[in-house]
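Inspection log for the structure reproduced underneath, given as structure tokens.
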Amino acid sequence: MMKHISRAVLSAGLLSAIAVGASAPAFAVTPEAQLAAYTVQAGSPPQPARGQLLFTTKHGKDWSCSSCHTAVPTVDGKHASTGKVIGPMAPAFNAERFTDSAKTEKWFRRNCNDVVGRECTPAEKADVLSWLLTLKR
Amino acid sequence: MPHSLLSKMVLGCMVSLVAFASAQAQSEGGRNVPLPKYQQECAACHIAYPAGMLPAASWQRLMGALTKHYGTDASLDEASLREITGWLKSNAGTYRRVSEEPPQERITQSAWFLRKHNEREISPAVWKRASVGSASNCAACHTNAAQGNFNEHEVRIPK
């Protein structure tokens with residue numbers, strides 16, 4: 001019975017994903033919902049100022065987040081080694097940002113490893129995202 | 001002639017045509033359409049380097065070391081890693097000049113690459129221009145590199 005239900009749910013999900021279009025992210029969410037999820041995991045409220053500090057300073061390695069994303073990421077950045085243009089990180093300036101939780105997790109994992117030398121904690125992710133959400137047009 | 005035989009023959013012709021077309025695309029340096037997942041994941045940071053520019057063994061090593069990918073962590077989830085590695089290996093370079101495995105899996109260190117970009121062709125000063133930056137920045141001069149087109153007639157060396 002369980003198997004039947006989960007299969008039905010799965011195919012309904014699949015169908016709606018197809019209806020939305022092939023390019024629709026697999027785990028569609030909003031930036032606010034992702035912030036809420038990280039905040040729950042962190043167990044304390046996010047601090048935007050702490051997020052800005054984490055984003056703009058180096059942590060004993062060659063790069064900071066700002067090296068590629070600029071210090072105020074409301075504008076295009078540039079990949080520090082390949083030069084490829086990277087769209088703004090602040091959701092108010094780039095509607096695609098933080099709308100796919102798998103993509104968010106992938107990039108936090110990779111980039112925190114490059115910048116901090118380890119994965120970021122849920123509290124750190126919440127801090128950074130809460131700061132990005134303060135950047136308004 | 002029985003109808004089923006005719007349709008079998010037509011189908012056979014179509015299959016060979018498709019096989020021929022895809023073999024031809026391969027022979028043009030892997031100018032066939034890249035796997036969407038390859039485009040999505042790898043071209044997020046750099047152009048989608050044609051699979052045919054490295055041999056399968058090089059792709060295998062490169063894809064096995066994505067946490068240390070030329071100075072950055074480019075790690076992928078298991079499913080994407082499997083899918084992209086499989087596609088790269090089956091579309092890898094097989095013709096003779098690409099059978100060589102360049103050091104550090106760098107296309108730009110392949111003998112054929114160095115020969116094509118020798119000092120008489122490209123002066124050393126060109127590589128140092130800010131508009132070029134690095135030999136891995138194919139699109140600086142190969143204007144349609146992102147589409148897998150490296151035709152010499154479309155080369156524009158920036159100032």
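Following the order of the structure tokens, first chain is A, next is B, and so on, with residues numbered from 1 inside each chain and ligands from 1 in the order they appear.
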
Query raised in the report: Do you know which residues are at most 12 Å from Arg118 in chain A counting only C-alpha atoms, after dropping those on the same chain fewer than 5 positions away, and could you put them as a PyMOL selection string?
Result: (chain A and resi 59-61+108-113+124) or (chain B and resi 67+73)

Report task. May I ask you to extract the residues of chain A within 9 Å of chain B, using only C-alpha atoms, and to give them as a PyMOL selection string? Result -> chain A and resi 79+81-86+106-107+109-111+113-114

Output for the residues just chosen: N, CA and C atoms as a PDB file, in the first residue's frame:
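Output (selection-v4.pdb):
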ATOM      1  N   HIS A  79      34.358  34.909 -11.924  1.00  0.00           N
ATOM      2  CA  HIS A  79      35.107  33.777 -11.369  1.00  0.00           C
ATOM      3  C   HIS A  79      36.595  34.133 -11.289  1.00  0.00           C
ATOM      4  N   SER A  81      39.322  32.492 -11.173  1.00  0.00           N
ATOM      5  CA  SER A  81      40.317  31.861 -12.032  1.00  0.00           C
ATOM      6  C   SER A  81      39.893  31.750 -13.488  1.00  0.00           C
ATOM      7  N   THR A  82      38.629  31.519 -13.778  1.00  0.00           N
ATOM      8  CA  THR A  82      38.246  31.374 -15.195  1.00  0.00           C
ATOM      9  C   THR A  82      37.753  32.678 -15.810  1.00  0.00           C
ATOM     10  N   GLY A  83      37.382  33.647 -14.980  1.00  0.00           N
ATOM     11  CA  GLY A  83      36.891  34.925 -15.506  1.00  0.00           C
ATOM     12  C   GLY A  83      35.434  34.886 -15.941  1.00  0.00           C
ATOM     13  N   LYS A  84      34.777  33.753 -15.767  1.00  0.00           N
ATOM     14  CA  LYS A  84      33.382  33.658 -16.197  1.00  0.00           C
ATOM     15  C   LYS A  84      32.479  34.557 -15.339  1.00  0.00           C
ATOM     16  N   VAL A  85      31.553  35.250 -16.011  1.00  0.00           N
ATOM     17  CA  VAL A  85      30.647  36.162 -15.308  1.00  0.00           C
ATOM     18  C   VAL A  85      29.682  35.354 -14.437  1.00  0.00           C
ATOM     19  N   ILE A  86      29.512  35.832 -13.198  1.00  0.00           N
ATOM     20  CA  ILE A  86      28.597  35.191 -12.246  1.00  0.00           C
ATOM     21  C   ILE A  86      27.516  36.210 -11.908  1.00  0.00           C
ATOM     22  N   LYS A 106      24.909  22.610  -2.856  1.00  0.00           N
ATOM     23  CA  LYS A 106      26.098  22.263  -3.650  1.00  0.00           C
ATOM     24  C   LYS A 106      27.118  23.399  -3.616  1.00  0.00           C
ATOM     25  N   TRP A 107      26.621  24.624  -3.838  1.00  0.00           N
ATOM     26  CA  TRP A 107      27.564  25.747  -3.906  1.00  0.00           C
ATOM     27  C   TRP A 107      28.091  26.155  -2.538  1.00  0.00           C
ATOM     28  N   ARG A 109      28.639  24.037  -0.163  1.00  0.00           N
ATOM     29  CA  ARG A 109      29.629  22.989   0.134  1.00  0.00           C
ATOM     30  C   ARG A 109      30.963  23.295  -0.560  1.00  0.00           C
ATOM     31  N   ARG A 110      30.905  23.527  -1.883  1.00  0.00           N
ATOM     32  CA  ARG A 110      32.127  23.773  -2.649  1.00  0.00           C
ATOM     33  C   ARG A 110      32.828  25.052  -2.211  1.00  0.00           C
ATOM     34  N   ASN A 111      32.058  26.139  -2.133  1.00  0.00           N
ATOM     35  CA  ASN A 111      32.691  27.445  -1.923  1.00  0.00           C
ATOM     36  C   ASN A 111      33.184  27.637  -0.499  1.00  0.00           C
ATOM     37  N   ASN A 113      34.297  25.258   1.273  1.00  0.00           N
ATOM     38  CA  ASN A 113      35.534  24.466   1.268  1.00  0.00           C
ATOM     39  C   ASN A 113      36.696  25.271   0.677  1.00  0.00           C
ATOM     40  N   ASP A 114      36.440  25.996  -0.398  1.00  0.00           N
ATOM     41  CA  ASP A 114      37.498  26.824  -1.018  1.00  0.00           C
ATOM     42  C   ASP A 114      37.883  28.021  -0.151  1.00  0.00           C
TER      43      ASP A 114
END

Query - Closest of A:Gly77, A:Ala90, A:Ala28, A:Gly43 to Ser130 in chain A - atom-to-atom distances counting only C-alpha atoms - result: A:Ala90

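Taking only range 26-121 of chain A, the residues that DSSP calls strand (DSSP E) from the backbone come to Gly77, Lys78, Val85 and Ile86 of chain A.
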
Residues just named, written with N, CA and C atoms as a compact mmCIF listing (two decimals), in the first residue's frame:
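Listing of part12.txt after writing:
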# COMPACT_ATOMS: atom_id res chain seq x y z
N GLY A 77 29.44 39.29 -10.69
CA GLY A 77 30.80 39.01 -10.24
C GLY A 77 31.55 38.30 -11.34
N LYS A 78 32.76 37.86 -11.03
CA LYS A 78 33.60 37.21 -12.03
C LYS A 78 34.40 36.10 -11.36
N VAL A 85 31.55 35.25 -16.01
CA VAL A 85 30.65 36.16 -15.31
C VAL A 85 29.68 35.35 -14.44
N ILE A 86 29.51 35.83 -13.20
CA ILE A 86 28.60 35.19 -12.25
C ILE A 86 27.52 36.21 -11.91

Requested in this report: Would you list the contacts of Arg97 in chain A as a PyMOL selection string, taking every protein, DNA or RNA residue within 12 Å and counting only C-alpha atoms, but skipping same-chain residues closer than 5 positions in sequence?
Outcome: chain A and resi 25+28-32+34+73-74+86-92+102-104+107+129+132-133
